[in-house]
file work.cif (mmCIF, C-alpha atoms)
data_my_file
loop_
_atom_site.group_PDB
_atom_site.id
_atom_site.type_symbol
_atom_site.label_atom_id
_atom_site.label_comp_id
_atom_site.auth_asym_id
_atom_site.auth_seq_id
_atom_site.Cartn_x
_atom_site.Cartn_y
_atom_site.Cartn_z
ATOM 1 C CA MET S 6 110.328 95.708 118.225
ATOM 2 C CA ILE S 7 111.709 98.749 116.454
ATOM 3 C CA ALA S 8 112.275 96.637 113.339
ATOM 4 C CA ILE S 9 108.663 95.417 113.438
ATOM 5 C CA TYR S 10 107.320 98.953 113.683
ATOM 6 C CA ALA S 11 109.678 100.109 110.920
ATOM 7 C CA VAL S 12 108.452 97.381 108.562
ATOM 8 C CA PHE S 13 104.814 98.231 109.341
ATOM 9 C CA GLY S 14 105.541 101.935 108.800
ATOM 10 C CA ILE S 15 107.238 101.387 105.443
ATOM 11 C CA ALA S 16 104.386 99.133 104.332
ATOM 12 C CA ALA S 17 101.837 101.771 105.356
ATOM 13 C CA LEU S 18 103.653 104.459 103.368
ATOM 14 C CA LEU S 19 103.760 102.267 100.280
ATOM 15 C CA ILE S 20 100.078 101.436 100.635
ATOM 16 C CA LEU S 21 99.153 105.102 101.083
ATOM 17 C CA TRP S 22 101.113 105.882 97.931
ATOM 18 C CA ARG S 23 98.962 103.373 96.024
ATOM 19 C CA VAL S 24 95.778 104.839 97.515
ATOM 20 C CA ILE S 25 96.763 108.332 96.390
ATOM 21 C CA VAL S 26 98.282 107.506 92.991
ATOM 22 C CA GLY S 27 96.235 104.423 92.058
ATOM 23 C CA PRO S 28 95.080 104.810 88.474
ATOM 24 C CA SER S 29 91.622 103.330 89.033
ATOM 25 C CA ILE S 30 89.058 103.096 91.783
ATOM 26 C CA LEU S 31 89.653 99.346 92.023
ATOM 27 C CA ASP S 32 93.372 99.896 92.694
ATOM 28 C CA ARG S 33 92.474 102.330 95.443
ATOM 29 C CA ALA S 34 89.917 99.908 96.881
ATOM 30 C CA VAL S 35 92.416 97.063 97.014
ATOM 31 C CA ALA S 36 95.010 99.353 98.586
ATOM 32 C CA SER S 37 92.540 100.502 101.240
ATOM 33 C CA ASP S 38 91.707 96.870 102.031
ATOM 34 C CA VAL S 39 95.404 96.125 102.387
ATOM 35 C CA LEU S 40 95.781 99.174 104.640
ATOM 36 C CA LEU S 41 92.961 97.939 106.874
ATOM 37 C CA THR S 42 94.611 94.525 106.963
ATOM 38 C CA LEU S 43 97.886 96.169 107.951
ATOM 39 C CA VAL S 44 96.130 97.997 110.789
ATOM 40 C CA LEU S 45 94.675 94.673 111.937
ATOM 41 C CA CYS S 46 98.161 93.143 111.875
ATOM 42 C CA VAL S 47 99.588 96.030 113.902
ATOM 43 C CA LEU S 48 96.845 95.690 116.500
ATOM 44 C CA GLY S 49 97.315 91.920 116.581
ATOM 45 C CA ALA S 50 101.067 92.286 117.003
ATOM 46 C CA ASP S 51 100.499 94.765 119.837
ATOM 47 C CA MET S 52 98.141 92.307 121.516
ATOM 48 C CA ALA S 53 100.666 89.480 121.187
ATOM 49 C CA ILE S 54 103.624 91.539 122.403
ATOM 50 C CA ASN S 55 101.845 93.138 125.373
ATOM 51 C CA HIS S 56 99.713 90.094 126.302
ATOM 52 C CA HIS S 57 96.280 91.752 126.275
ATOM 53 C CA THR S 58 92.996 91.543 124.402
ATOM 54 C CA ARG S 59 91.786 95.136 124.747
ATOM 55 C CA SER S 60 92.155 95.754 121.001
ATOM 56 C CA LEU S 61 89.867 92.925 119.975
ATOM 57 C CA PRO S 62 86.641 95.008 119.646
ATOM 58 C CA ALA S 63 88.475 97.561 117.492
ATOM 59 C CA MET S 64 89.842 94.758 115.326
ATOM 60 C CA LEU S 65 86.361 93.360 114.784
ATOM 61 C CA ILE S 66 84.978 96.758 113.796
ATOM 62 C CA ILE S 67 87.885 97.400 111.400
ATOM 63 C CA ALA S 68 87.372 93.986 109.795
ATOM 64 C CA ALA S 69 83.646 94.641 109.356
ATOM 65 C CA VAL S 70 84.297 98.066 107.824
ATOM 66 C CA GLY S 71 86.725 96.472 105.384
ATOM 67 C CA VAL S 72 84.274 93.792 104.292
ATOM 68 C CA PHE S 73 81.325 96.150 103.912
ATOM 69 C CA GLY S 74 83.475 98.728 102.124
ATOM 70 C CA SER S 75 84.672 96.122 99.623
ATOM 71 C CA ILE S 76 81.111 95.001 98.983
ATOM 72 C CA ALA S 77 79.950 98.583 98.467
ATOM 73 C CA ILE S 78 82.744 99.351 96.005
ATOM 74 C CA ALA S 79 82.150 96.102 94.105
ATOM 75 C CA ARG S 80 78.437 96.919 93.784
ATOM 76 C CA PHE S 81 79.234 100.458 92.644
ATOM 77 C CA VAL S 82 81.661 99.262 89.972
ATOM 78 C CA ALA S 83 79.258 96.526 88.824
ATOM 79 C CA ARG S 84 76.398 99.015 88.518
ATOM 80 C CA LYS S 85 78.664 101.442 86.633
ATOM 81 C CA ASP S 86 79.690 98.669 84.197
ATOM 82 C CA ASN S 87 76.069 97.633 83.579
ATOM 83 C CA THR S 88 74.946 101.154 82.728
ATOM 84 C CA GLY S 89 77.869 101.635 80.343
ATOM 85 C CA GLN S 90 76.798 98.782 78.026
#
call {"tool": "encode", "arguments": {"input": "work.cif", "output": "structure tokens"}}
result
Amino acid sequence: MIAIYAVFGIAALLILWRVIVGPSILDRAVASDVLLTLVLCVLGADMAINHHTRSLPAMLIIAAVGVFGSIAIARFVARKDNTGQ
């Protein structure tokens, strides 16, 4: 289990690096989506290892936030591109 948590931790650090350094807003948006997916994987792994379903509502909320955040960023970038022409 220590190896699983270590891999998740290293992945989170790399993703946070991309969120901070990302050269464009789209790079940061993709990195934040990947970070939310990583959090979902950690919660899912915890549920599988400890044989419970208490994390399921949190997973659903995190997934919804990720989807709506991606839609909002895509609309913002599309609107920004249309006004620039």
call {"tool": "resolve_selection", "arguments": {"input": "work.cif", "expression": "the PyMOL selection byres ((chain S and resi 6-15) around 9)", "output": "PyMOL selection string"}}
result
chain S and resi 16-20+43-44+46-47+50+54
call {"tool": "residues_around", "arguments": {"input": "work.cif", "residues": "range 28-33 of chain S", "least_positions_apart": "3", "cutoff": "9 Å", "atoms": "all atoms listed in the file", "output": "list in words"}}
result
Arg23, Val24, Ile25, Ala36, Ser37, Asp38, Ile78, Ala79 and Val82 of chain S
call {"tool": "axis_aligned_box", "arguments": {"input": "work.cif", "around": "range 44-47 of chain S", "padding_each_side": "6 Å", "output": "AutoDock Vina command-line options"}}
result
--center_x 97.1 --center_y 95.6 --center_z 112.3 --size_x 16.9 --size_y 16.9 --size_z 15.1
call {"tool": "closest_residue", "arguments": {"input": "work.cif", "among": "S:Ala34, S:Ala77, S:Val39, S:Leu48", "to": "Pro62 in chain S", "atoms": "all atoms listed in the file"}}
result
S:Leu48
call {"tool": "atom_distance", "arguments": {"input": "work.cif", "atom1": "CA of Gly49 in chain S", "atom2": "CA of Ser75 in chain S"}}
result
21.6 Å
call {"tool": "closest_residue", "arguments": {"input": "work.cif", "among": "S:Leu41, S:Leu21, S:Met52, S:Val35", "to": "Ala69 in chain S", "atoms": "only C-alpha atoms"}}
result
S:Leu41
call {"tool": "closest_residue", "arguments": {"input": "work.cif", "among": "S:Ala63, S:Phe81, S:Thr88, S:His57", "to": "Leu45 in chain S", "atoms": "all atoms listed in the file"}}
result
S:Ala63
call {"tool": "atom_distance", "arguments": {"input": "work.cif", "atom1": "CA of Phe73 in chain S", "atom2": "CA of Thr42 in chain S"}}
result
13.7 Å
call {"tool": "closest_residue", "arguments": {"input": "work.cif", "among": "S:Leu40, S:Leu61, S:Ile76, S:Val70", "to": "Trp22 in chain S", "atoms": "only C-alpha atoms"}}
result
S:Leu40
call {"tool": "atom_distance", "arguments": {"input": "work.cif", "atom1": "CA of Asn87 in chain S", "atom2": "CA of Gly27 in chain S"}}
result
22.9 Å
